[in-house]
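One file, structure.cif, carrying mmCIF, C-alpha atoms:
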data_query
#
loop_
_atom_site.label_atom_id
_atom_site.label_comp_id
_atom_site.auth_asym_id
_atom_site.auth_seq_id
_atom_site.Cartn_x
_atom_site.Cartn_y
_atom_site.Cartn_z
CA MET A 27 0.00 0.00 0.00
CA LYS A 28 1.46 3.36 -0.99
CA ALA A 29 0.66 6.49 0.96
CA GLU A 30 2.08 9.89 1.71
CA ARG A 31 5.29 9.87 3.66
CA ILE A 32 7.45 11.92 5.92
CA THR A 33 11.22 11.99 5.83
CA PRO A 34 12.37 12.59 9.39
CA ARG A 35 15.97 13.34 10.21
CA SER A 36 17.92 11.99 13.12
CA GLY A 37 16.73 13.71 16.28
CA ASP A 38 13.28 14.55 14.93
CA VAL A 39 10.20 13.53 16.88
CA ILE A 40 7.61 11.36 15.20
CA MET A 41 4.18 10.71 16.61
CA MET A 42 2.10 7.78 15.46
CA VAL A 43 -1.62 8.38 15.83
CA GLY A 44 -4.13 5.57 15.40
CA THR A 45 -7.78 6.44 14.94
CA VAL A 46 -11.01 4.61 14.26
CA LYS A 47 -10.64 5.36 10.55
CA GLY A 48 -6.93 5.11 9.87
CA ALA A 49 -3.53 6.22 11.12
CA PHE A 50 -1.39 9.31 10.76
CA ILE A 51 2.25 10.10 11.40
CA PHE A 52 3.20 13.52 12.68
CA CYS A 53 6.76 14.79 12.56
CA SER A 54 8.59 17.73 14.09
CA ASP A 55 12.09 18.84 14.87
CA ARG A 56 13.10 18.67 18.51
CA ASN A 57 11.60 22.08 19.23
CA ARG A 58 8.18 20.51 18.67
CA ARG A 59 6.54 23.78 17.68
CA GLN A 60 5.31 22.73 14.26
CA PHE A 61 4.25 19.26 13.18
CA ARG A 62 3.87 17.96 9.67
CA ILE A 63 1.22 15.32 9.09
CA ALA A 64 1.32 12.31 6.80
CA GLY A 65 -1.41 9.79 6.07
CA PRO A 66 -4.04 8.60 6.43
CA TYR A 67 -2.78 5.06 6.35
CA PHE A 68 -5.12 2.04 6.55
CA LYS A 69 -8.03 4.14 5.36
CA GLY A 70 -11.27 3.08 6.98
CA GLN A 71 -9.57 0.75 9.43
CA ALA A 72 -9.24 1.16 13.18
CA VAL A 73 -5.62 1.38 14.34
CA TYR A 74 -5.47 0.36 17.99
CA SER A 75 -1.74 0.21 18.54
CA ALA A 76 1.60 1.42 17.23
CA ALA A 77 5.26 1.09 18.05
CA TYR A 78 8.55 2.44 16.77
CA LEU A 79 11.55 0.13 16.65
CA PRO A 80 14.60 2.40 16.80
CA ASP A 81 17.20 0.65 14.72
CA ARG A 82 19.47 3.24 13.15
CA ARG A 83 20.04 1.09 10.06
CA ALA A 84 16.41 0.17 9.54
CA PRO A 85 13.92 1.86 11.86
CA ARG A 86 10.50 0.26 11.68
CA ILE A 87 6.99 1.37 12.52
CA LEU A 88 4.47 -1.25 13.57
CA MET A 89 0.74 -0.73 13.65
CA GLY A 90 -2.10 -2.94 14.82
CA ASN A 91 -4.77 -2.30 12.22
CA LYS A 92 -8.24 -3.77 12.05
CA SER A 93 -10.82 -3.88 9.29
CA GLU A 94 -14.30 -4.59 10.60
CA HIS A 95 -14.78 -6.72 7.51
CA TRP A 96 -11.44 -8.37 6.86
CA GLY A 97 -9.98 -8.78 10.33
CA ALA A 98 -6.97 -7.55 12.30
CA THR A 99 -3.24 -7.88 11.90
CA VAL A 100 0.11 -6.23 12.63
CA SER A 101 1.51 -4.29 9.67
CA TRP A 102 4.94 -2.71 9.38
CA SER A 103 6.67 0.03 7.47
CA ASP A 104 10.42 0.41 7.03
CA ASP A 105 10.18 3.77 5.27
CA PHE A 106 8.16 5.91 7.68
CA GLY A 107 4.82 5.08 6.12
CA ALA A 108 5.66 5.33 2.42
CA SER A 109 4.80 1.65 2.08
CA TRP A 110 3.32 -0.93 4.41
CA ASN A 111 3.74 -4.66 4.65
CA GLU A 112 0.82 -6.79 5.69
CA PRO A 113 1.24 -10.54 6.07
CA ALA A 114 -0.83 -12.42 3.53
CA ASP A 115 -2.19 -14.91 6.01
CA GLY A 116 -2.21 -12.88 9.21
CA ASN A 117 0.44 -12.88 11.91
CA ILE A 118 -1.54 -13.05 15.13
CA LYS A 119 -3.71 -16.11 15.16
CA PHE A 120 -5.24 -18.13 17.94
CA PRO A 121 -4.62 -21.87 17.82
CA VAL A 122 -7.22 -23.79 15.85
CA GLY A 123 -9.43 -25.50 18.38
CA SER A 124 -9.01 -22.80 21.01
CA GLY A 125 -12.38 -21.37 20.07
CA LEU A 126 -10.79 -17.89 20.09
CA SER A 127 -10.52 -15.51 17.20
CA LEU A 128 -8.55 -12.27 17.01
CA ASN A 129 -10.61 -9.12 17.44
CA ALA A 130 -7.89 -6.48 17.65
CA VAL A 131 -4.24 -5.88 18.51
CA TRP A 132 -4.27 -3.51 21.46
CA ALA A 133 -0.61 -3.26 22.33
CA LEU A 134 2.78 -3.46 20.62
CA GLU A 135 5.85 -3.27 22.80
CA ALA A 136 9.50 -3.82 21.97
CA ALA A 137 11.55 -5.75 24.52
CA PRO A 138 15.19 -4.94 23.70
CA LEU A 139 16.52 -6.43 26.94
CA ILE A 140 15.09 -9.80 25.93
CA GLY A 141 16.30 -9.54 22.36
CA SER A 142 16.97 -6.84 19.81
CA ASP A 143 14.27 -8.20 17.51
CA VAL A 144 11.72 -9.10 20.19
CA VAL A 145 8.32 -7.44 20.13
CA PHE A 146 5.31 -8.35 22.22
CA ALA A 147 1.72 -7.86 21.12
CA GLY A 148 -1.34 -7.73 23.34
CA ALA A 149 -4.62 -8.80 21.84
CA ASP A 150 -8.34 -9.09 22.30
CA PRO A 151 -9.34 -11.76 23.37
CA ALA A 152 -6.85 -11.23 26.19
CA SER A 153 -3.57 -12.80 25.14
CA LEU A 154 0.10 -12.08 24.75
CA TYR A 155 2.03 -12.80 21.57
CA ARG A 156 5.77 -12.72 21.00
CA SER A 157 7.66 -11.91 17.83
CA ASP A 158 11.36 -12.62 17.34
CA ASP A 159 11.58 -10.95 13.94
CA ARG A 160 10.59 -7.35 14.66
CA GLY A 161 6.87 -7.86 14.36
CA GLU A 162 6.53 -9.88 11.18
CA THR A 163 5.46 -13.17 12.75
CA PHE A 164 4.14 -13.88 16.24
CA HIS A 165 3.45 -16.89 18.40
CA PRO A 166 1.15 -16.99 21.41
CA VAL A 167 2.50 -17.06 24.96
CA GLU A 168 0.70 -20.28 25.78
CA SER A 169 1.07 -20.01 29.54
CA LEU A 170 -1.13 -16.91 29.60
CA LEU A 171 -3.44 -18.15 26.88
CA ASN A 172 -4.17 -21.23 28.97
CA HIS A 173 -4.08 -19.53 32.35
CA PRO A 174 -6.37 -21.35 34.80
CA GLU A 175 -8.00 -18.06 35.83
CA ARG A 176 -9.01 -17.17 32.25
CA PRO A 177 -12.60 -18.40 32.74
CA TYR A 178 -13.01 -15.70 35.40
CA TRP A 179 -11.82 -12.85 33.21
CA LEU A 180 -14.62 -10.60 32.01
CA PRO A 181 -14.78 -8.46 28.88
CA GLY A 182 -15.39 -4.77 29.40
CA PHE A 183 -17.04 -2.37 26.99
CA GLY A 184 -13.90 -2.44 24.84
CA GLY A 185 -13.67 -6.21 24.85
CA LEU A 186 -11.45 -8.58 26.80
CA CYS A 187 -8.12 -7.03 25.97
CA LEU A 188 -4.51 -7.28 27.02
CA HIS A 189 -3.68 -3.62 26.60
CA THR A 190 -0.44 -3.01 28.49
CA ILE A 191 2.88 -4.85 28.29
CA LEU A 192 5.74 -3.82 30.54
CA PRO A 193 8.94 -5.78 29.96
CA HIS A 194 11.13 -5.02 32.96
CA PRO A 195 13.95 -2.63 31.97
CA ARG A 196 16.62 -4.52 33.99
CA ASP A 197 15.32 -8.06 34.42
CA ALA A 198 14.71 -9.94 31.18
CA LYS A 199 12.68 -12.58 33.01
CA ARG A 200 10.09 -10.20 34.43
CA ILE A 201 7.09 -8.97 32.44
CA VAL A 202 4.00 -7.21 33.76
CA VAL A 203 0.78 -7.06 31.76
CA GLY A 204 -2.57 -5.32 32.23
CA ILE A 205 -5.81 -6.97 31.20
CA SER A 206 -9.32 -5.55 31.13
CA ALA A 207 -11.01 -6.99 32.96
CA ALA A 208 -8.73 -9.23 34.92
CA GLY A 209 -6.18 -6.81 36.33
CA VAL A 210 -2.42 -7.02 36.63
CA TYR A 211 -0.49 -10.22 35.98
CA ARG A 212 3.26 -10.73 36.28
CA SER A 213 5.72 -13.30 35.09
CA ASP A 214 9.11 -13.68 36.81
CA ASP A 215 10.31 -16.52 34.60
CA GLY A 216 10.28 -15.10 31.11
CA GLY A 217 6.63 -15.84 30.49
CA GLU A 218 6.60 -19.46 31.63
CA SER A 219 4.05 -18.71 34.33
CA TRP A 220 1.89 -15.78 35.42
CA THR A 221 0.57 -14.69 38.80
CA ARG A 222 -2.26 -12.27 39.51
CA ARG A 223 -1.03 -9.08 41.21
CA ASN A 224 -4.10 -7.17 42.36
CA GLN A 225 -3.60 -7.12 46.12
CA GLY A 226 -4.90 -3.85 47.53
CA VAL A 227 -6.87 -2.82 44.46
CA ARG A 228 -10.49 -2.30 45.41
CA ILE A 229 -13.25 -4.21 43.69
CA GLU A 230 -16.14 -1.99 42.78
CA ALA A 231 -17.82 -4.12 40.16
CA GLY A 232 -18.50 -7.17 42.29
CA PRO A 233 -19.12 -8.33 45.82
CA PRO A 234 -16.18 -7.86 48.20
CA GLN A 235 -15.96 -11.56 48.91
CA ALA A 236 -15.47 -12.36 45.22
CA PRO A 237 -12.05 -13.51 44.08
CA ASN A 238 -10.10 -10.42 43.22
CA PHE A 239 -9.41 -11.18 39.61
CA GLY A 240 -12.85 -11.32 37.99
CA PRO A 241 -13.99 -7.72 37.93
CA GLN A 242 -10.56 -6.09 38.15
CA CYS A 243 -10.13 -3.62 35.34
CA ALA A 244 -6.65 -2.15 35.05
CA HIS A 245 -6.79 0.67 32.52
CA LYS A 246 -3.11 1.57 32.22
CA LEU A 247 0.08 0.99 34.18
CA ARG A 248 3.62 2.26 33.83
CA TYR A 249 6.98 1.80 35.53
CA ASP A 250 8.55 4.71 37.39
CA ALA A 251 11.45 6.16 35.38
CA LYS A 252 14.12 5.40 37.97
CA ASN A 253 12.71 2.57 40.02
CA PRO A 254 10.99 -0.24 38.12
CA ALA A 255 9.81 -1.79 41.38
CA ARG A 256 7.51 1.21 41.47
CA ILE A 257 4.49 0.95 39.17
CA TYR A 258 1.65 3.44 38.73
CA LEU A 259 -1.83 2.17 37.92
CA GLN A 260 -4.91 3.92 36.62
CA ASN A 261 -7.59 1.41 37.43
CA HIS A 262 -11.19 1.57 36.24
CA PRO A 263 -12.07 3.09 39.57
CA GLY A 264 -9.00 4.20 41.48
CA VAL A 265 -5.41 5.29 41.09
CA TYR A 266 -2.71 3.17 42.70
CA ARG A 267 1.00 2.75 43.19
CA SER A 268 3.01 -0.34 43.89
CA ASP A 269 6.49 -0.17 45.40
CA ASP A 270 7.12 -3.89 45.21
CA GLY A 271 6.72 -4.71 41.54
CA GLY A 272 2.97 -5.19 41.79
CA ASP A 273 2.87 -7.45 44.84
CA SER A 274 0.71 -4.88 46.62
CA TRP A 275 -0.94 -1.59 45.74
CA ILE A 276 -1.72 1.57 47.70
CA ASP A 277 -4.33 4.18 46.87
CA ILE A 278 -2.82 7.46 45.59
CA ALA A 279 -6.01 9.11 44.32
CA ALA A 280 -6.25 11.73 47.08
CA GLY A 281 -6.07 15.18 45.57
CA LEU A 282 -7.40 14.21 42.16
CA PRO A 283 -10.80 15.50 40.99
CA SER A 284 -11.86 11.98 40.06
CA GLN A 285 -10.56 8.46 40.43
CA PHE A 286 -11.79 7.53 36.98
CA GLY A 287 -9.76 7.78 33.82
CA PHE A 288 -8.01 5.71 31.21
CA PRO A 289 -4.45 6.77 30.35
CA LEU A 290 -1.39 7.14 32.53
CA VAL A 291 2.05 8.36 31.51
CA ALA A 292 5.16 8.04 33.63
CA HIS A 293 7.88 10.60 33.03
CA PRO A 294 10.54 8.84 30.95
CA SER A 295 13.50 10.08 32.97
CA ARG A 296 12.33 11.84 36.15
CA ALA A 297 11.64 9.75 39.24
CA ASP A 298 8.30 9.85 41.04
CA THR A 299 6.66 11.77 38.20
CA ALA A 300 3.52 10.66 36.39
CA TYR A 301 0.58 12.18 34.54
CA LEU A 302 -3.13 11.37 34.41
CA ILE A 303 -6.17 12.72 32.60
CA PRO A 304 -9.06 12.16 35.03
CA LEU A 305 -12.59 11.98 33.69
CA GLU A 306 -15.63 12.97 35.69
CA SER A 307 -16.93 9.48 36.46
CA ASP A 308 -17.50 6.02 35.12
CA HIS A 309 -20.93 7.19 34.00
CA PHE A 310 -19.86 10.53 32.50
CA ARG A 311 -16.53 10.09 30.80
CA VAL A 312 -15.57 13.70 30.08
CA PRO A 313 -13.24 16.22 31.74
CA PRO A 314 -14.68 17.28 35.12
CA GLU A 315 -16.85 20.38 34.67
CA GLY A 316 -15.91 20.48 30.98
CA ALA A 317 -12.43 21.81 31.77
CA THR A 318 -9.53 19.81 30.36
CA LYS A 319 -6.64 19.26 32.71
CA VAL A 320 -3.71 16.93 32.84
CA TRP A 321 -2.77 16.12 36.43
CA ARG A 322 0.83 15.62 37.44
CA THR A 323 2.48 14.16 40.47
CA ARG A 324 6.14 14.77 41.25
CA ASP A 325 6.15 12.85 44.51
CA ALA A 326 4.88 9.44 43.41
CA GLY A 327 1.24 10.24 44.02
CA THR A 328 1.45 11.94 47.40
CA SER A 329 0.14 15.12 45.76
CA TRP A 330 -1.24 16.13 42.37
CA GLU A 331 -1.29 19.41 40.45
CA PRO A 332 -3.47 20.38 37.47
CA LEU A 333 -1.92 21.47 34.18
CA GLY A 334 -4.34 23.16 31.82
CA ASN A 335 -2.57 26.07 30.19
CA GLY A 336 -3.59 26.00 26.54
CA LEU A 337 -6.14 23.23 26.92
CA PRO A 338 -9.86 23.97 26.52
CA GLN A 339 -11.20 25.06 29.90
CA ARG A 340 -14.88 25.23 29.10
CA ASP A 341 -17.40 23.15 27.18
CA ALA A 342 -14.89 20.35 26.61
CA TYR A 343 -16.80 17.08 26.65
CA PHE A 344 -14.51 14.52 25.12
CA SER A 345 -12.72 11.55 26.56
CA VAL A 346 -9.17 10.32 26.21
CA LEU A 347 -8.65 6.60 25.78
CA ARG A 348 -6.01 4.56 27.56
CA ASP A 349 -3.47 4.48 24.75
CA ALA A 350 -4.08 8.00 23.49
CA PHE A 351 -1.64 9.74 25.88
CA THR A 352 2.11 9.42 25.64
CA SER A 353 5.46 11.13 26.00
CA ASP A 354 8.63 11.44 24.01
CA SER A 355 12.07 11.04 25.58
CA LEU A 356 13.48 14.55 25.14
CA ASP A 357 14.43 17.04 27.83
CA PRO A 358 12.16 18.83 28.54
CA VAL A 359 9.83 15.97 27.88
CA GLY A 360 7.08 16.27 25.27
CA LEU A 361 3.58 15.06 26.09
CA TYR A 362 0.85 14.27 23.59
CA PHE A 363 -2.76 13.16 23.78
CA GLY A 364 -5.63 12.62 21.39
CA THR A 365 -9.34 12.65 22.10
CA ARG A 366 -12.38 10.77 20.95
CA GLY A 367 -13.43 14.09 19.45
CA GLY A 368 -10.46 14.03 17.08
CA GLN A 369 -8.31 16.70 18.71
CA LEU A 370 -4.60 16.23 19.24
CA PHE A 371 -2.76 18.25 21.88
CA ALA A 372 0.96 18.57 22.50
CA SER A 373 3.20 20.01 25.18
CA ALA A 374 6.91 20.59 24.65
CA ASP A 375 7.55 21.67 28.25
CA GLU A 376 6.57 18.76 30.49
CA GLY A 377 2.90 19.72 30.48
CA GLU A 378 3.28 23.35 31.58
CA SER A 379 1.67 24.58 28.35
CA TRP A 380 -0.26 22.92 25.56
CA THR A 381 -1.12 23.58 21.94
CA SER A 382 -3.58 21.98 19.57
CA ILE A 383 -1.85 20.37 16.61
CA ALA A 384 -4.90 18.74 14.96
CA ASP A 385 -8.60 19.38 15.40
CA TRP A 386 -10.53 17.22 13.00
CA LEU A 387 -9.16 13.73 13.14
CA PRO A 388 -11.38 10.68 13.56
CA ALA A 389 -11.69 9.48 17.16
CA VAL A 390 -8.17 8.82 18.44
CA LEU A 391 -7.38 5.34 19.72
CA CYS A 392 -3.63 5.51 20.27
CA VAL A 393 -0.77 8.00 20.30
CA LYS A 394 2.88 6.94 20.46
CA ALA A 395 5.91 9.18 20.14
CA ALA A 396 9.56 8.50 19.46
CA VAL A 397 12.78 10.33 18.74
CA VAL A 398 14.25 9.16 15.45
CA ALA A 399 17.66 7.56 15.90
CA MET B 18 -12.17 -16.62 -11.35
CA GLN B 19 -12.59 -20.34 -11.66
CA LEU B 20 -11.37 -22.91 -9.18
CA PRO B 21 -10.88 -26.43 -10.53
CA LEU B 22 -12.51 -28.99 -8.24
CA ASP B 23 -12.37 -32.71 -8.76
CA MET B 24 -14.98 -33.37 -6.12
CA GLY B 25 -17.33 -31.56 -3.82
CA ILE B 26 -15.62 -29.72 -1.00
CA THR B 27 -16.75 -27.21 1.59
CA ILE B 28 -16.68 -23.48 0.98
CA GLY B 29 -14.20 -23.16 3.83
CA GLU B 30 -11.85 -25.60 2.10
CA ALA B 31 -12.35 -23.74 -1.15
CA PHE B 32 -11.11 -20.52 0.45
CA VAL B 33 -8.04 -22.30 1.79
CA MET B 34 -7.33 -23.56 -1.74
CA LEU B 35 -7.94 -20.16 -3.20
CA GLY B 36 -5.50 -18.64 -0.72
CA ARG B 37 -2.66 -20.64 -2.22
CA ASP B 38 -3.00 -18.83 -5.54
CA TYR B 39 -4.27 -15.55 -4.15
CA PRO B 40 -2.42 -14.84 -0.91
CA GLY B 41 -4.48 -12.92 1.60
CA ILE B 42 -7.96 -14.00 0.62
CA ARG B 43 -8.21 -16.78 3.18
CA GLN B 44 -7.21 -14.47 6.02
CA ARG B 45 -9.69 -11.84 4.94
CA VAL B 46 -12.69 -14.14 4.64
CA LEU B 47 -11.98 -16.71 7.37
CA ASP B 48 -11.06 -16.06 10.98
CA ASP B 49 -8.52 -17.92 13.15
CA GLN B 50 -10.86 -20.88 13.53
CA ASN B 51 -11.58 -20.97 9.78
CA ASN B 52 -15.07 -19.64 10.31
CA ILE B 53 -16.43 -17.05 7.92
CA ARG B 54 -15.89 -13.63 9.47
CA ARG B 55 -18.82 -12.01 11.20
CA HIS B 56 -19.18 -9.11 8.77
CA ILE B 57 -18.60 -11.08 5.58
CA ASN B 58 -21.43 -12.67 3.64
CA VAL B 59 -20.66 -15.58 1.35
CA PHE B 60 -23.27 -16.76 -1.11
CA VAL B 61 -23.08 -20.16 -2.78
CA ASP B 62 -25.44 -20.52 -5.69
CA GLY B 63 -27.47 -17.61 -4.43
CA GLN B 64 -27.79 -18.76 -0.83
CA ASN B 65 -26.07 -17.02 2.08
CA VAL B 66 -24.09 -19.81 3.73
CA ARG B 67 -24.75 -18.24 7.11
CA PHE B 68 -28.24 -19.65 6.76
CA ALA B 69 -27.03 -22.97 5.38
CA HIS B 70 -24.03 -24.79 6.87
CA GLY B 71 -21.60 -21.90 7.18
CA GLY B 72 -18.06 -22.85 6.24
CA ALA B 73 -19.19 -26.46 5.90
CA THR B 74 -21.54 -25.62 3.04
CA GLN B 75 -20.75 -27.81 0.06
CA VAL B 76 -19.58 -26.42 -3.25
CA THR B 77 -19.20 -28.34 -6.48
CA HIS B 78 -17.36 -27.71 -9.72
CA ASP B 79 -20.16 -25.58 -11.10
CA SER B 80 -21.07 -23.62 -7.95
CA GLU B 81 -21.04 -19.85 -8.16
CA VAL B 82 -19.60 -18.07 -5.11
CA TRP B 83 -19.99 -14.41 -4.22
CA ILE B 84 -18.25 -12.61 -1.37
CA TYR B 85 -19.81 -9.46 0.02
CA PRO B 86 -18.66 -7.30 2.92
CA ALA B 87 -21.67 -6.47 5.06
CA LEU B 88 -23.12 -2.98 4.92
CA SER B 89 -21.80 -0.95 7.80
CA GLY B 90 -22.43 2.34 9.51
CA GLY B 91 -20.35 4.97 11.24
#
Will you turn the file into structure tokens for me?
Amino acid sequence: MKAERITPRSGDVIMMVGTVKGAFIFCSDRNRRQFRIAGPYFKGQAVYSAAYLPDRRAPRILMGNKSEHWGATVSWSDDFGASWNEPADGNIKFPVGSGLSLNAVWALEAAPLIGSDVVFAGADPASLYRSDDRGETFHPVESLLNHPERPYWLPGFGGLCLHTILPHPRDAKRIVVGISAAGVYRSDDGGESWTRRNQGVRIEAGPPQAPNFGPQCAHKLRYDAKNPARIYLQNHPGVYRSDDGGDSWIDIAAGLPSQFGFPLVAHPSRADTAYLIPLESDHFRVPPEGATKVWRTRDAGTSWEPLGNGLPQRDAYFSVLRDAFTSDSLDPVGLYFGTRGGQLFASADEGESWTSIADWLPAVLCVKAAVVA
Amino acid sequence: MQLPLDMGITIGEAFVMLGRDYPGIRQRVLDDQNNIRRHINVFVDGQNVRFAHGGATQVTHDSEVWIYPALSGG
């Protein structure tokens, strides 16, 4: 498939934006004041996930695209979107006889500590897939696919999805995943086995005596920049932090206008710093009082501060989905989020000020940013 | 296009055969379990196989097969 392209230079920032009707790639120099747009790619298809594989010789963009008619797959481009490769017979497939069929690819995550060509994919129905060839072919992680607790997992409104994959940055054997609705699971043996890690996370969608894995709905989780034993979690209801790799969780929602939200971004280099975009409630998923604010903690959730300079502060009734908020890795860090109303906002100063860089996109499903090697 | 068949086979098997000469078609019409995708309608000799035997619907050498993506909204 041929499409418009960008030609980024080393040090430029690219932003991959997946929407319900295709994907776009934005590009800027490191000042991040002006972005060029290329696309749409995968016209008419929903693009749930994207990843950039930073190989200086052959950087690659992966996208998890889905046609409502023809199914879902992982496609890749080695020329910044000028052309895309799509496997003829699919590359994420459930074993015949499993009774499961791929709905969408929700997450794509490189795992360079495990291997330079290793990429994980998270799918709906909830499952983890591994690629050893930079996203061209995948095989299921059978231990999670056949997990004995799977019958207790419950699909949410978005399906039963494995949406977050956190390969540990220092321990190649440890991987944390987030599943809606099952919660947090962790492997300490390279994916051979998985243990539920929801201790301390309240259950608000089931009776308190229920096992704590059925109704758990982790929305997004991220490692702290300096201490990977510290994990931040935006749950369906509630905001939490773990200081022991997920073994236990403490409530850090005090000071926020709402406990409900989808995305969570951890600062890529500053300890104890994370960002949320709270929504009013489970039943009214818009910015509280119609005023858009990103909330930041710089003390690991002990306190929170609102950041709204440049964001719409009245009559803003959109939502931001769990993968539609991200950061780059520059200093000062750039932050980016897209809305279900098709707006795209960017900050080049750690969230202190924001500008709109697109207003009329289809509903945004995912935003990922990277600095070109 | 014409698909040479020596004997009656199922429409699901026919798509697998077709995929050998036309890479991609099997994946687009059949899901992981080789069932016809939810939003694809396949007609064999004028009948929607969804209301016959699905992917197990028989086709013969002179069957006529049509593939239609379902109408969609949004």
Which residues of chain B sit at most 6 Å from chain A, using all atoms listed in the file? Give each one's shortest atom pair and distance in Å (one decimal place), in chain and ascending residue order, as JSON lines.
{"residue": "B:Pro40", "atom": "CA", "partner": "A:Ala114", "partner_atom": "CA", "distance": 5.3}
{"residue": "B:Gly41", "atom": "CA", "partner": "A:Ala114", "partner_atom": "CA", "distance": 4.2}
{"residue": "B:Gln44", "atom": "CA", "partner": "A:Asp115", "partner_atom": "CA", "distance": 5.0}
{"residue": "B:Arg45", "atom": "CA", "partner": "A:Trp96", "partner_atom": "CA", "distance": 4.3}
{"residue": "B:Asp49", "atom": "CA", "partner": "A:Ser127", "partner_atom": "CA", "distance": 5.1}
{"residue": "B:Gln50", "atom": "CA", "partner": "A:Val122", "partner_atom": "CA", "distance": 5.2}
{"residue": "B:His56", "atom": "CA", "partner": "A:His95", "partner_atom": "CA", "distance": 5.2}
Subject >> Ground truth for the PyMOL selection byres ((chain A and resi 61-64) around 12), written as a PyMOL selection string >> reply: chain A and resi 28-34+38-43+48-60+65-67+106-108+370-372+374+381-384+387
**OP:** Please work out which residues fall within 10 Å of (4.7, 9.1, 35.2), coordinates as given in the file, with all atoms listed in the file counting, and return them as a PyMOL selection string.
**Re:** chain A and resi 247-251+257-259+290-302+322-324+326-327+352-353
Subject >> From B:Met24, B:Trp83, B:Gly71, B:Gly90, residue lying nearest B:Arg55 [all atoms listed in the file] >> reply: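 Once distances to B:Arg55 are computed over all atoms listed in the file, the minimum belongs to B:Gly71.
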**OP:** Would you list the contacts of A:Ala152 as a list in words, taking every protein, DNA or RNA residue within 8 Å and counting only C-alpha atoms, but skipping same-chain residues closer than 5 positions in sequence?
**Re:**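 Non-adjacent residues within range: Leu171, Leu186, Cys187, Leu188, Ile205 and Ser206 of chain A.
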Can you find the residues with an atom no farther than 12 Å from (-24.9, -23.9, -4.5), counting all atoms listed in the file, and report them as a short mmCIF file (atom, residue, chain, number, x, y, z; two decimals) with C-alpha atoms, in the frame of the given file?
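Below is the file result_13.cif, written as the result:
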data_model
loop_
_atom_site.label_atom_id
_atom_site.label_comp_id
_atom_site.auth_asym_id
_atom_site.auth_seq_id
_atom_site.Cartn_x
_atom_site.Cartn_y
_atom_site.Cartn_z
CA GLY B 25 -17.33 -31.56 -3.82
CA ILE B 26 -15.62 -29.72 -1.00
CA THR B 27 -16.75 -27.21 1.59
CA ILE B 28 -16.68 -23.48 0.98
CA VAL B 59 -20.66 -15.58 1.35
CA PHE B 60 -23.27 -16.76 -1.11
CA VAL B 61 -23.08 -20.16 -2.78
CA ASP B 62 -25.44 -20.52 -5.69
CA GLY B 63 -27.47 -17.61 -4.43
CA GLN B 64 -27.79 -18.76 -0.83
CA ASN B 65 -26.07 -17.02 2.08
CA VAL B 66 -24.09 -19.81 3.73
CA ALA B 69 -27.03 -22.97 5.38
CA HIS B 70 -24.03 -24.79 6.87
CA THR B 74 -21.54 -25.62 3.04
CA GLN B 75 -20.75 -27.81 0.06
CA VAL B 76 -19.58 -26.42 -3.25
CA THR B 77 -19.20 -28.34 -6.48
CA HIS B 78 -17.36 -27.71 -9.72
CA ASP B 79 -20.16 -25.58 -11.10
CA SER B 80 -21.07 -23.62 -7.95
CA GLU B 81 -21.04 -19.85 -8.16
CA VAL B 82 -19.60 -18.07 -5.11
CA TRP B 83 -19.99 -14.41 -4.22
#
Assuming 8 Å of padding per side, give the centre and edge lengths of the axis-aligned box around every listed atom of stretch 28-31 of chain B, in Å to one decimal and as AutoDock Vina command-line options.
--center_x -14.3 --center_y -24.4 --center_z 1.3 --size_x 20.8 --size_y 18.4 --size_z 21.0
**OP:** Considering all atoms listed in the file, return as a VMD selection string whatever protein or nucleic-acid residues lie within 12 Å of A:Ala350, sequence-local ones (same chain, fewer than 5 positions apart) excluded.
**Re:** chain A and resid 41 to 45 73 to 76 132 to 133 245 to 246 287 to 291 302 to 303 345 361 to 372 389 to 395
Subject >> Shortest interatomic distance to B:Tyr39 - which of B:Arg67, B:Ile57, B:Leu20, B:Asn52, counting all atoms listed in the file >> reply: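 For B:Tyr39, the nearest of the candidates is B:Leu20.
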**OP:** Just give me the gap between atom CA of A:Ser213 and atom CA of A:Cys243 in Å, one decimal is fine.
**Re:**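 Here the two named atoms are 18.6 Å from each other.
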